[in-house]
$ cat coords04.csv   # CSV, C-alpha atoms
chain,number,residue,atom,x,y,z
A,1,MET,CA,-0.7,-54.0,5.9
A,2,LYS,CA,2.9,-53.7,7.0
A,3,THR,CA,4.0,-55.5,3.9
A,4,ALA,CA,2.0,-53.0,1.7
A,5,THR,CA,3.7,-50.1,3.5
A,6,THR,CA,7.1,-51.6,3.0
A,7,ALA,CA,6.3,-52.2,-0.7
A,8,ILE,CA,5.2,-48.6,-1.2
A,9,ALA,CA,8.3,-47.3,0.6
A,10,LEU,CA,10.5,-49.5,-1.6
A,11,LEU,CA,8.7,-48.3,-4.7
A,12,CYS,CA,9.3,-44.7,-3.7
A,13,LEU,CA,13.0,-45.4,-3.1
A,14,ALA,CA,13.2,-47.0,-6.5
A,15,LEU,CA,11.8,-43.9,-8.1
A,16,VAL,CA,14.2,-41.5,-6.4
A,17,PRO,CA,17.0,-41.7,-9.0
A,18,LEU,CA,14.5,-40.8,-11.7
A,19,ALA,CA,13.5,-37.6,-9.9
A,20,ARG,CA,17.1,-36.7,-9.0
A,21,ALA,CA,17.8,-33.1,-9.8
A,22,GLU,CA,21.1,-32.0,-11.4
A,23,THR,CA,23.8,-30.9,-9.0
A,24,PRO,CA,26.3,-28.1,-9.0
A,25,ALA,CA,29.0,-30.7,-9.7
A,26,ASP,CA,27.1,-31.8,-12.8
A,27,MET,CA,27.1,-28.2,-14.1
A,28,LEU,CA,30.7,-27.7,-13.3
A,29,ALA,CA,31.6,-30.9,-15.3
A,30,ARG,CA,29.4,-29.8,-18.2
A,31,TYR,CA,30.9,-26.3,-18.6
A,32,SER,CA,34.4,-27.6,-18.0
A,33,ALA,CA,34.0,-30.2,-20.7
A,34,GLU,CA,32.7,-27.5,-23.1
A,35,ALA,CA,35.5,-25.1,-22.2
A,36,ALA,CA,38.1,-27.9,-22.7
A,37,ARG,CA,36.8,-28.4,-26.3
A,38,MET,CA,37.8,-24.7,-27.0
A,39,THR,CA,40.9,-24.7,-24.8
A,40,PRO,CA,42.5,-28.1,-24.5
A,41,GLY,CA,43.7,-28.7,-20.9
A,42,PHE,CA,41.2,-26.3,-19.4
A,43,SER,CA,40.7,-26.7,-15.7
A,44,PRO,CA,38.2,-24.6,-13.7
A,45,SER,CA,39.7,-22.1,-11.2
A,46,ALA,CA,38.0,-20.7,-8.2
A,47,GLU,CA,40.4,-17.8,-8.2
A,48,ARG,CA,39.5,-16.8,-11.7
A,49,GLY,CA,35.8,-17.2,-10.7
A,50,ARG,CA,36.3,-14.9,-7.7
A,51,ALA,CA,37.9,-12.2,-9.9
A,52,PHE,CA,35.0,-12.6,-12.4
A,53,PHE,CA,32.4,-12.2,-9.6
A,54,ASN,CA,34.2,-9.2,-8.0
A,55,ARG,CA,35.0,-7.3,-11.2
A,56,ASP,CA,33.4,-4.0,-11.9
A,57,TRP,CA,32.5,-4.4,-15.6
A,58,GLY,CA,31.5,-0.8,-16.1
A,59,VAL,CA,28.8,-1.8,-18.6
A,60,SER,CA,25.6,-1.2,-16.6
A,61,GLN,CA,25.5,2.0,-14.5
A,62,LYS,CA,23.0,0.5,-12.1
A,63,MET,CA,24.4,-3.0,-12.0
A,64,PRO,CA,28.2,-2.7,-12.6
A,65,ALA,CA,29.1,-6.0,-10.9
A,66,CYS,CA,27.6,-9.3,-9.8
A,67,GLU,CA,27.8,-8.2,-6.2
A,68,SER,CA,25.5,-5.2,-7.0
A,69,CYS,CA,22.6,-7.5,-6.4
A,70,HIS,CA,24.1,-10.7,-5.0
A,71,GLY,CA,26.2,-9.0,-2.3
A,72,LYS,CA,29.7,-9.9,-1.3
A,73,ASN,CA,28.9,-12.7,1.0
A,74,LEU,CA,27.8,-15.7,-1.1
A,75,ARG,CA,26.2,-17.4,1.9
A,76,ALA,CA,24.0,-14.4,2.8
A,77,GLU,CA,20.9,-13.1,1.0
A,78,GLY,CA,21.4,-10.5,-1.7
A,79,LYS,CA,19.2,-7.6,-2.4
A,80,HIS,CA,18.2,-6.4,-5.9
A,81,ILE,CA,19.8,-3.0,-6.4
A,82,ILE,CA,16.8,-1.5,-8.2
A,83,THR,CA,13.8,-3.2,-6.7
A,84,GLY,CA,15.1,-4.1,-3.2
A,85,LYS,CA,13.8,-7.7,-3.6
A,86,ARG,CA,15.6,-10.2,-1.5
A,87,ILE,CA,17.7,-12.7,-3.5
A,88,ALA,CA,18.4,-16.1,-2.0
A,89,PRO,CA,22.0,-16.9,-1.2
A,90,PHE,CA,24.3,-17.9,-4.1
A,91,SER,CA,26.2,-20.6,-2.3
A,92,PRO,CA,24.7,-24.1,-2.8
A,93,GLN,CA,25.7,-24.7,0.9
A,94,ALA,CA,23.4,-22.0,2.1
A,95,ASN,CA,20.8,-22.5,-0.6
A,96,PRO,CA,20.4,-26.1,-1.8
A,97,GLU,CA,18.3,-25.0,-4.8
A,98,ARG,CA,21.2,-23.3,-6.5
A,99,PHE,CA,22.6,-24.9,-9.6
A,100,THR,CA,20.1,-27.7,-9.7
A,101,SER,CA,18.5,-27.0,-13.1
A,102,VAL,CA,20.6,-26.4,-16.2
A,103,THR,CA,17.7,-24.6,-17.9
A,104,LYS,CA,17.5,-22.1,-15.0
A,105,VAL,CA,21.2,-21.7,-14.8
A,106,GLU,CA,21.5,-21.0,-18.5
A,107,LYS,CA,18.7,-18.5,-18.4
A,108,TRP,CA,20.3,-16.5,-15.6
A,109,PHE,CA,23.8,-16.6,-17.1
A,110,ARG,CA,22.3,-15.3,-20.4
A,111,ARG,CA,20.3,-12.5,-18.8
A,112,ASN,CA,22.9,-11.4,-16.2
A,113,CYS,CA,25.9,-11.7,-18.4
A,114,THR,CA,24.3,-9.6,-21.1
A,115,GLU,CA,23.3,-7.1,-18.5
A,116,VAL,CA,26.4,-6.9,-16.4
A,117,VAL,CA,29.3,-8.1,-18.6
A,118,GLY,CA,27.8,-6.7,-21.8
A,119,ARG,CA,27.9,-10.1,-23.7
A,120,GLU,CA,27.2,-13.8,-23.1
A,121,CYS,CA,29.6,-15.5,-20.8
A,122,SER,CA,31.9,-18.3,-22.1
A,123,ALA,CA,31.8,-21.9,-20.8
A,124,ALA,CA,35.2,-21.3,-19.2
A,125,GLU,CA,33.8,-18.3,-17.3
A,126,LYS,CA,30.8,-20.2,-16.2
A,127,ALA,CA,32.9,-23.2,-15.0
A,128,ASP,CA,35.3,-20.9,-13.1
A,129,PHE,CA,32.4,-19.1,-11.5
A,130,ILE,CA,30.6,-22.3,-10.3
A,131,GLN,CA,33.9,-23.6,-9.0
A,132,PHE,CA,34.2,-20.4,-6.9
A,133,VAL,CA,30.6,-20.6,-5.7
A,134,MET,CA,30.9,-24.2,-4.6
A,135,GLN,CA,33.7,-23.4,-2.2
B,1,MET,CA,-33.0,-0.8,5.5
B,2,ARG,CA,-31.8,-0.8,1.9
B,3,PRO,CA,-29.3,2.1,2.3
B,4,SER,CA,-27.8,0.2,5.3
B,5,ILE,CA,-27.4,-2.9,3.1
B,6,ALA,CA,-25.8,-0.8,0.4
B,7,LEU,CA,-23.5,0.8,3.0
B,8,PHE,CA,-22.6,-2.7,4.3
B,9,LEU,CA,-21.8,-4.0,0.9
B,10,PHE,CA,-19.7,-0.9,0.1
B,11,LEU,CA,-17.7,-1.3,3.2
B,12,PHE,CA,-17.4,-5.0,2.8
B,13,CYS,CA,-16.2,-4.7,-0.8
B,14,SER,CA,-13.7,-1.9,0.1
B,15,ALA,CA,-12.3,-4.1,2.9
B,16,ALA,CA,-12.0,-7.0,0.5
B,17,TRP,CA,-10.0,-5.0,-2.1
B,18,GLY,CA,-6.8,-6.5,-0.9
B,19,ASP,CA,-8.2,-10.0,-1.6
B,20,ARG,CA,-9.2,-9.0,-5.1
B,21,LEU,CA,-5.6,-8.9,-6.1
B,22,THR,CA,-5.4,-12.7,-5.7
B,23,VAL,CA,-5.2,-14.8,-8.8
B,24,PRO,CA,-5.3,-18.5,-9.5
B,25,ALA,CA,-1.9,-20.2,-8.9
B,26,HIS,CA,0.4,-19.9,-11.9
B,27,PRO,CA,3.9,-21.2,-10.9
B,28,LYS,CA,5.5,-20.0,-14.2
B,29,TRP,CA,4.3,-16.4,-13.6
B,30,GLN,CA,5.2,-16.6,-10.0
B,31,GLU,CA,8.7,-17.7,-10.8
B,32,GLU,CA,9.5,-15.7,-13.8
B,33,CYS,CA,7.9,-12.4,-12.8
B,34,GLY,CA,8.8,-12.8,-9.1
B,35,SER,CA,12.6,-13.2,-9.2
B,36,CYS,CA,13.7,-9.5,-9.4
B,37,HIS,CA,10.6,-8.0,-8.0
B,38,VAL,CA,7.3,-9.3,-6.4
B,39,ALA,CA,5.2,-10.9,-9.1
B,40,TYR,CA,2.9,-7.8,-9.6
B,41,PRO,CA,-0.8,-8.8,-9.7
B,42,PRO,CA,-2.2,-8.9,-13.3
B,43,GLN,CA,-5.1,-6.7,-12.2
B,44,LEU,CA,-2.8,-3.7,-12.0
B,45,LEU,CA,-2.3,-3.1,-15.7
B,46,THR,CA,-4.7,-3.5,-18.7
B,47,ALA,CA,-4.5,-6.4,-21.1
B,48,ASP,CA,-3.1,-4.0,-23.7
B,49,ASN,CA,-0.4,-2.8,-21.4
B,50,TRP,CA,0.6,-6.3,-20.5
B,51,GLN,CA,0.8,-7.3,-24.1
B,52,ARG,CA,3.0,-4.4,-24.9
B,53,LEU,CA,5.2,-5.1,-21.9
B,54,MET,CA,5.6,-8.8,-22.6
B,55,GLN,CA,6.7,-8.1,-26.2
B,56,LYS,CA,9.9,-6.4,-25.2
B,57,LEU,CA,11.2,-8.4,-22.2
B,58,ASP,CA,14.8,-8.2,-23.4
B,59,LYS,CA,14.5,-4.4,-22.6
B,60,HIS,CA,12.5,-4.5,-19.4
B,61,PHE,CA,12.8,-1.1,-17.8
B,62,GLY,CA,16.5,-1.2,-18.4
B,63,ALA,CA,17.0,-4.9,-17.5
B,64,ASN,CA,17.2,-8.0,-19.6
B,65,ALA,CA,14.3,-10.2,-18.6
B,66,GLY,CA,14.2,-12.3,-21.8
B,67,LEU,CA,12.2,-15.6,-21.8
B,68,GLU,CA,11.6,-18.4,-24.2
B,69,PRO,CA,8.8,-17.6,-26.8
B,70,GLN,CA,6.6,-20.3,-25.3
B,71,GLU,CA,7.0,-18.9,-21.8
B,72,VAL,CA,6.2,-15.4,-23.0
B,73,GLN,CA,3.0,-16.6,-24.7
B,74,ASP,CA,1.9,-18.6,-21.6
B,75,ILE,CA,2.6,-15.8,-19.1
B,76,SER,CA,1.2,-13.1,-21.4
B,77,ALA,CA,-2.0,-15.0,-21.8
B,78,PHE,CA,-2.4,-15.4,-18.0
B,79,LEU,CA,-1.7,-11.7,-17.4
B,80,GLN,CA,-4.2,-10.6,-20.0
B,81,ARG,CA,-6.8,-13.0,-18.8
B,82,HIS,CA,-6.7,-11.4,-15.3
B,83,ALA,CA,-5.8,-7.9,-16.4
B,84,GLY,CA,-7.4,-4.7,-15.0
B,85,ARG,CA,-10.1,-2.9,-17.0
B,86,GLY,CA,-10.3,0.8,-17.5
B,87,SER,CA,-7.9,3.6,-18.0
B,88,ARG,CA,-7.0,3.9,-14.4
B,89,TYR,CA,-5.0,0.7,-14.8
B,90,SER,CA,-3.2,1.9,-17.9
B,91,ALA,CA,0.0,3.9,-18.3
B,92,ASP,CA,1.9,4.8,-21.4
B,93,SER,CA,5.2,4.1,-19.6
B,94,LEU,CA,3.8,0.6,-18.8
B,95,ARG,CA,4.8,1.2,-15.2
B,96,ILE,CA,2.2,0.2,-12.6
B,97,THR,CA,3.4,3.0,-10.5
B,98,ASP,CA,2.4,5.5,-13.2
B,99,THR,CA,-1.2,4.4,-13.3
B,100,ALA,CA,-4.0,6.6,-11.9
B,101,TRP,CA,-5.0,3.7,-9.7
B,102,PHE,CA,-1.5,3.4,-8.1
B,103,ARG,CA,-1.2,7.1,-7.6
B,104,HIS,CA,-4.6,7.3,-5.9
B,105,GLU,CA,-4.0,4.3,-3.7
B,106,HIS,CA,-0.6,5.7,-2.5
B,107,ASP,CA,-1.4,9.4,-2.3
B,108,GLU,CA,-1.1,9.4,1.5
B,109,VAL,CA,2.5,8.0,1.3
B,110,SER,CA,4.9,10.8,2.1
B,111,SER,CA,8.0,11.6,0.0
B,112,LYS,CA,10.0,10.9,3.2
B,113,THR,CA,8.7,7.3,3.1
B,114,TRP,CA,9.4,6.9,-0.6
B,115,SER,CA,13.0,7.9,-0.1
B,116,ASP,CA,13.5,5.8,3.0
B,117,PRO,CA,16.5,3.5,2.5
B,118,ALA,CA,14.3,0.5,3.3
B,119,VAL,CA,11.9,1.5,0.5
B,120,LYS,CA,14.1,3.2,-2.1
B,121,SER,CA,12.0,2.3,-5.1
B,122,ARG,CA,8.3,2.3,-5.8
B,123,ALA,CA,8.9,-1.1,-7.3
B,124,ASN,CA,9.8,-2.4,-3.8
B,125,CYS,CA,6.2,-3.3,-2.8
B,126,THR,CA,7.3,-5.6,0.1
B,127,ALA,CA,9.0,-2.7,1.9
B,128,CYS,CA,5.5,-1.9,3.2
B,129,HIS,CA,3.2,-4.8,1.9
B,130,VAL,CA,5.2,-7.2,4.0
B,131,LYS,CA,3.1,-10.3,3.0
B,132,ALA,CA,2.9,-9.4,-0.7
B,133,GLU,CA,5.0,-12.4,-1.7
B,134,GLN,CA,2.4,-14.6,-0.2
B,135,GLY,CA,-0.3,-12.7,-2.2
B,136,ASP,CA,-1.6,-10.7,0.8
B,137,TRP,CA,-1.9,-7.1,-0.2
B,138,SER,CA,-4.5,-6.2,2.4
B,139,GLU,CA,-4.4,-3.0,4.5
B,140,ARG,CA,-3.9,-5.0,7.7
B,141,SER,CA,-0.6,-6.3,6.3
B,142,ILE,CA,1.0,-2.9,5.7
B,143,ARG,CA,3.9,-1.9,7.8
B,144,VAL,CA,5.5,1.4,6.7
B,145,PRO,CA,9.2,1.7,7.5
B,146,GLY,CA,9.6,4.5,10.0
B,147,GLY,CA,5.9,4.1,10.8
B,148,ARG,CA,2.8,5.9,9.8
B,149,GLY,CA,0.7,7.8,12.3
B,150,GLY,CA,2.8,6.6,15.2
B,151,GLU,CA,2.9,3.0,14.0
B,152,ASP,CA,6.2,1.3,14.4
B,153,GLY,CA,7.9,0.2,11.2
B,154,ASP,CA,8.7,-3.4,10.5
B,155,ASP,CA,12.4,-4.1,10.6
B,156,ASP,CA,12.3,-7.3,8.6
B,157,ASP,CA,13.3,-5.6,5.3
B,158,ASP,CA,16.4,-4.2,6.8
B,159,GLU,CA,18.1,-7.6,7.2
B,160,GLY,CA,19.7,-7.6,3.8
B,161,ASP,CA,21.1,-4.1,4.2
B,162,ASP,CA,23.6,-5.1,6.9
B,163,ASP,CA,25.5,-7.3,4.4
B,164,TYR,CA,26.2,-4.3,2.2
B,165,GLU,CA,27.1,-1.9,5.0
B,166,ASP,CA,29.5,-4.4,6.6
B,167,ASP,CA,31.5,-5.0,3.5
$ encode --input "coords04.csv" --output "structure tokens"
Amino acid sequence: MKTATTAIALLCLALVPLARAETPADMLARYSAEAARMTPGFSPSAERGRAFFNRDWGVSQKMPACESCHGKNLRAEGKHIITGKRIAPFSPQANPERFTSVTKVEKWFRRNCTEVVGRECSAAEKADFIQFVMQ
Amino acid sequence: MRPSIALFLFLFCSAAWGDRLTVPAHPKWQEECGSCHVAYPPQLLTADNWQRLMQKLDKHFGANAGLEPQEVQDISAFLQRHAGRGSRYSADSLRITDTAWFRHEHDEVSSKTWSDPAVKSRANCTACHVKAEQGDWSERSIRVPGGRGGEDGDDDDDEGDDDYEDD
């Protein structure tokens, strides 16, 4: 019986790498590599990421900046400026689900950049932003 | 005897209305339609309204809520399958809050409550329906901010506000 339990436990452990989700570091590396193809020598900057996050883009009246919905404190919950819905914290330290699916990350960059920035964001902007959020 | 049975059934069904807003689990709908607002129950618009709404997600009441075509098809079919029937669940604006049903159900809500900072928008269901995210829309789970009829409001929804005010 004990052997069987151990065997099952070992089997589960063996399967863990297959089920491993993507990490914020994976996304950072992916966007950095893409940005470096356009701009050789590109290196992500948390400072640029911060400026991007704090900037008032003046495109959308209701949602002029990222912080309109996500708040200024990345480790605290945000609140949707129109509907009032709570938004889970941005920081992966406060919210382990953040930046664990590239499909999801791409979807939200596409939507929110179009909305707030007025265009799609570049790979460099995405890399800078993730660097900033990971701090 | 019969009238009392009818009365019982009527009261029972009225009380069960909140439960009628439940739908089979559909994780995609829950996730995609429940990010910026509560995933509004499919019963609250007609199939025709849902179809029109899902056709222009890139311009979703002033926000870009675009999805992949496959996701649109999947969620749209789910919404239409469980949609409300009858004109009281229909609005030209495609806003649930403009339907006759919504207006009737909320006719006792004062303008003071609607403009309360904790409510702010008619789209903010959870301001009063505190368990809506868990699919519980029943009367017993309503907590009106500022209270109604002497009832104390629930302060849970104020948590996020402090972050804005402090900064």
$ interface_residues --input "coords04.csv" --of "chain A" --to "chain B" --cutoff "10 Å" --atoms "all atoms listed in the file" --output "ChimeraX atom specification"
/A:60,62-63,67-73,76-88,107-108,110-116
$ write_last_selection --input "coords04.csv" --atoms "C-alpha atoms" --output "PDB file, in the coordinates of the input"
ATOM      1  CA  SER A  60      25.600  -1.200 -16.600  1.00  0.00           C
ATOM      2  CA  LYS A  62      23.000   0.500 -12.100  1.00  0.00           C
ATOM      3  CA  MET A  63      24.400  -3.000 -12.000  1.00  0.00           C
ATOM      4  CA  GLU A  67      27.800  -8.200  -6.200  1.00  0.00           C
ATOM      5  CA  SER A  68      25.500  -5.200  -7.000  1.00  0.00           C
ATOM      6  CA  CYS A  69      22.600  -7.500  -6.400  1.00  0.00           C
ATOM      7  CA  HIS A  70      24.100 -10.700  -5.000  1.00  0.00           C
ATOM      8  CA  GLY A  71      26.200  -9.000  -2.300  1.00  0.00           C
ATOM      9  CA  LYS A  72      29.700  -9.900  -1.300  1.00  0.00           C
ATOM     10  CA  ASN A  73      28.900 -12.700   1.000  1.00  0.00           C
ATOM     11  CA  ALA A  76      24.000 -14.400   2.800  1.00  0.00           C
ATOM     12  CA  GLU A  77      20.900 -13.100   1.000  1.00  0.00           C
ATOM     13  CA  GLY A  78      21.400 -10.500  -1.700  1.00  0.00           C
ATOM     14  CA  LYS A  79      19.200  -7.600  -2.400  1.00  0.00           C
ATOM     15  CA  HIS A  80      18.200  -6.400  -5.900  1.00  0.00           C
ATOM     16  CA  ILE A  81      19.800  -3.000  -6.400  1.00  0.00           C
ATOM     17  CA  ILE A  82      16.800  -1.500  -8.200  1.00  0.00           C
ATOM     18  CA  THR A  83      13.800  -3.200  -6.700  1.00  0.00           C
ATOM     19  CA  GLY A  84      15.100  -4.100  -3.200  1.00  0.00           C
ATOM     20  CA  LYS A  85      13.800  -7.700  -3.600  1.00  0.00           C
ATOM     21  CA  ARG A  86      15.600 -10.200  -1.500  1.00  0.00           C
ATOM     22  CA  ILE A  87      17.700 -12.700  -3.500  1.00  0.00           C
ATOM     23  CA  ALA A  88      18.400 -16.100  -2.000  1.00  0.00           C
ATOM     24  CA  LYS A 107      18.700 -18.500 -18.400  1.00  0.00           C
ATOM     25  CA  TRP A 108      20.300 -16.500 -15.600  1.00  0.00           C
ATOM     26  CA  ARG A 110      22.300 -15.300 -20.400  1.00  0.00           C
ATOM     27  CA  ARG A 111      20.300 -12.500 -18.800  1.00  0.00           C
ATOM     28  CA  ASN A 112      22.900 -11.400 -16.200  1.00  0.00           C
ATOM     29  CA  CYS A 113      25.900 -11.700 -18.400  1.00  0.00           C
ATOM     30  CA  THR A 114      24.300  -9.600 -21.100  1.00  0.00           C
ATOM     31  CA  GLU A 115      23.300  -7.100 -18.500  1.00  0.00           C
ATOM     32  CA  VAL A 116      26.400  -6.900 -16.400  1.00  0.00           C
TER      33      VAL A 116
END
$ atom_distance --input "coords04.csv" --atom1 "CA of Arg119 in chain A" --atom2 "CA of Gly58 in chain A"
12.5 Å
$ atom_distance --input "coords04.csv" --atom1 "CA of Leu57 in chain B" --atom2 "CA of Val72 in chain B"
8.6 Å
$ residues_around --input "coords04.csv" --residues "range 83-88 of chain B" --least-positions-apart "6" --cutoff "12 Å" --atoms "only C-alpha atoms" --output "ChimeraX atom specification"
/B:20-23,40-51,75-77,96-105
$ atom_distance --input "coords04.csv" --atom1 "CA of Ser101 in chain A" --atom2 "CA of Phe52 in chain A"
21.9 Å
$ closest_residue --input "coords04.csv" --among "A:Phe53, A:Ala123, A:Arg48, A:Gln135" --to "Ala29 in chain A" --atoms "all atoms listed in the file"
A:Ala123
$ residues_around --input "coords04.csv" --residues "range 128-135 of chain B" --least-positions-apart "6" --cutoff "7 Å" --atoms "only C-alpha atoms" --output "NGL selection string"
:B and (22 or 38 or 141-145)
$ residues_near_point --input "coords04.csv" --point "(33.4, -4.2, -10.9)" --cutoff "8 Å" --atoms "all atoms listed in the file" --output "PyMOL selection string"
chain A and resi 54-58+64-66
$ closest_residue --input "coords04.csv" --among "B:Ser138, B:Ala25, B:Gly147, B:Ser111" --to "Phe78 in chain B" --atoms "all atoms listed in the file"
B:Ala25
$ decode --input "coords04.csv" --residues "range 87-105 of chain B" --atoms "N, CA and C atoms" --output "tab-separated table (two decimals), in the first residue's frame"
chain	number	residue	atom	x	y	z
B	87	SER	N	-40.05	40.83	-24.30
B	87	SER	CA	-39.54	42.19	-24.51
B	87	SER	C	-39.01	42.85	-23.24
B	88	ARG	N	-39.43	42.32	-22.06
B	88	ARG	CA	-38.92	42.98	-20.86
B	88	ARG	C	-37.44	42.72	-20.63
B	89	TYR	N	-36.87	41.79	-21.38
B	89	TYR	CA	-35.43	41.55	-21.28
B	89	TYR	C	-34.68	42.11	-22.49
B	90	SER	N	-35.33	43.03	-23.17
B	90	SER	CA	-34.73	43.56	-24.38
B	90	SER	C	-34.58	45.08	-24.27
B	91	ALA	N	-33.47	45.60	-24.79
B	91	ALA	CA	-33.27	47.06	-24.82
B	91	ALA	C	-32.50	47.40	-26.09
B	92	ASP	N	-32.94	48.47	-26.78
B	92	ASP	CA	-32.25	48.88	-28.01
B	92	ASP	C	-30.80	49.21	-27.73
B	93	SER	N	-30.54	49.76	-26.55
B	93	SER	CA	-29.17	50.15	-26.19
B	93	SER	C	-28.29	48.94	-25.88
B	94	LEU	N	-28.92	47.78	-25.73
B	94	LEU	CA	-28.25	46.53	-25.35
B	94	LEU	C	-27.71	46.59	-23.92
B	95	ARG	N	-28.17	47.58	-23.17
B	95	ARG	CA	-27.79	47.66	-21.76
B	95	ARG	C	-28.85	46.98	-20.92
B	96	ILE	N	-28.40	46.05	-20.07
B	96	ILE	CA	-29.33	45.36	-19.17
B	96	ILE	C	-30.09	46.37	-18.32
B	97	THR	N	-29.36	47.44	-17.92
B	97	THR	CA	-29.97	48.44	-17.04
B	97	THR	C	-31.07	49.25	-17.73
B	98	ASP	N	-31.20	49.13	-19.05
B	98	ASP	CA	-32.27	49.82	-19.76
B	98	ASP	C	-33.48	48.92	-20.02
B	99	THR	N	-33.39	47.65	-19.62
B	99	THR	CA	-34.53	46.77	-19.87
B	99	THR	C	-35.66	47.06	-18.89
B	100	ALA	N	-36.88	46.76	-19.33
B	100	ALA	CA	-38.05	46.97	-18.46
B	100	ALA	C	-37.90	46.12	-17.19
B	101	TRP	N	-37.35	44.93	-17.35
B	101	TRP	CA	-37.17	44.06	-16.18
B	101	TRP	C	-36.28	44.73	-15.14
B	102	PHE	N	-35.13	45.27	-15.56
B	102	PHE	CA	-34.19	45.88	-14.62
B	102	PHE	C	-34.83	47.07	-13.93
B	103	ARG	N	-35.48	47.91	-14.73
B	103	ARG	CA	-36.10	49.11	-14.16
B	103	ARG	C	-37.15	48.73	-13.12
B	104	HIS	N	-37.94	47.73	-13.43
B	104	HIS	CA	-38.98	47.31	-12.49
B	104	HIS	C	-38.36	46.75	-11.21
B	105	GLU	N	-37.37	45.88	-11.37
B	105	GLU	CA	-36.74	45.26	-10.21
B	105	GLU	C	-36.05	46.27	-9.30
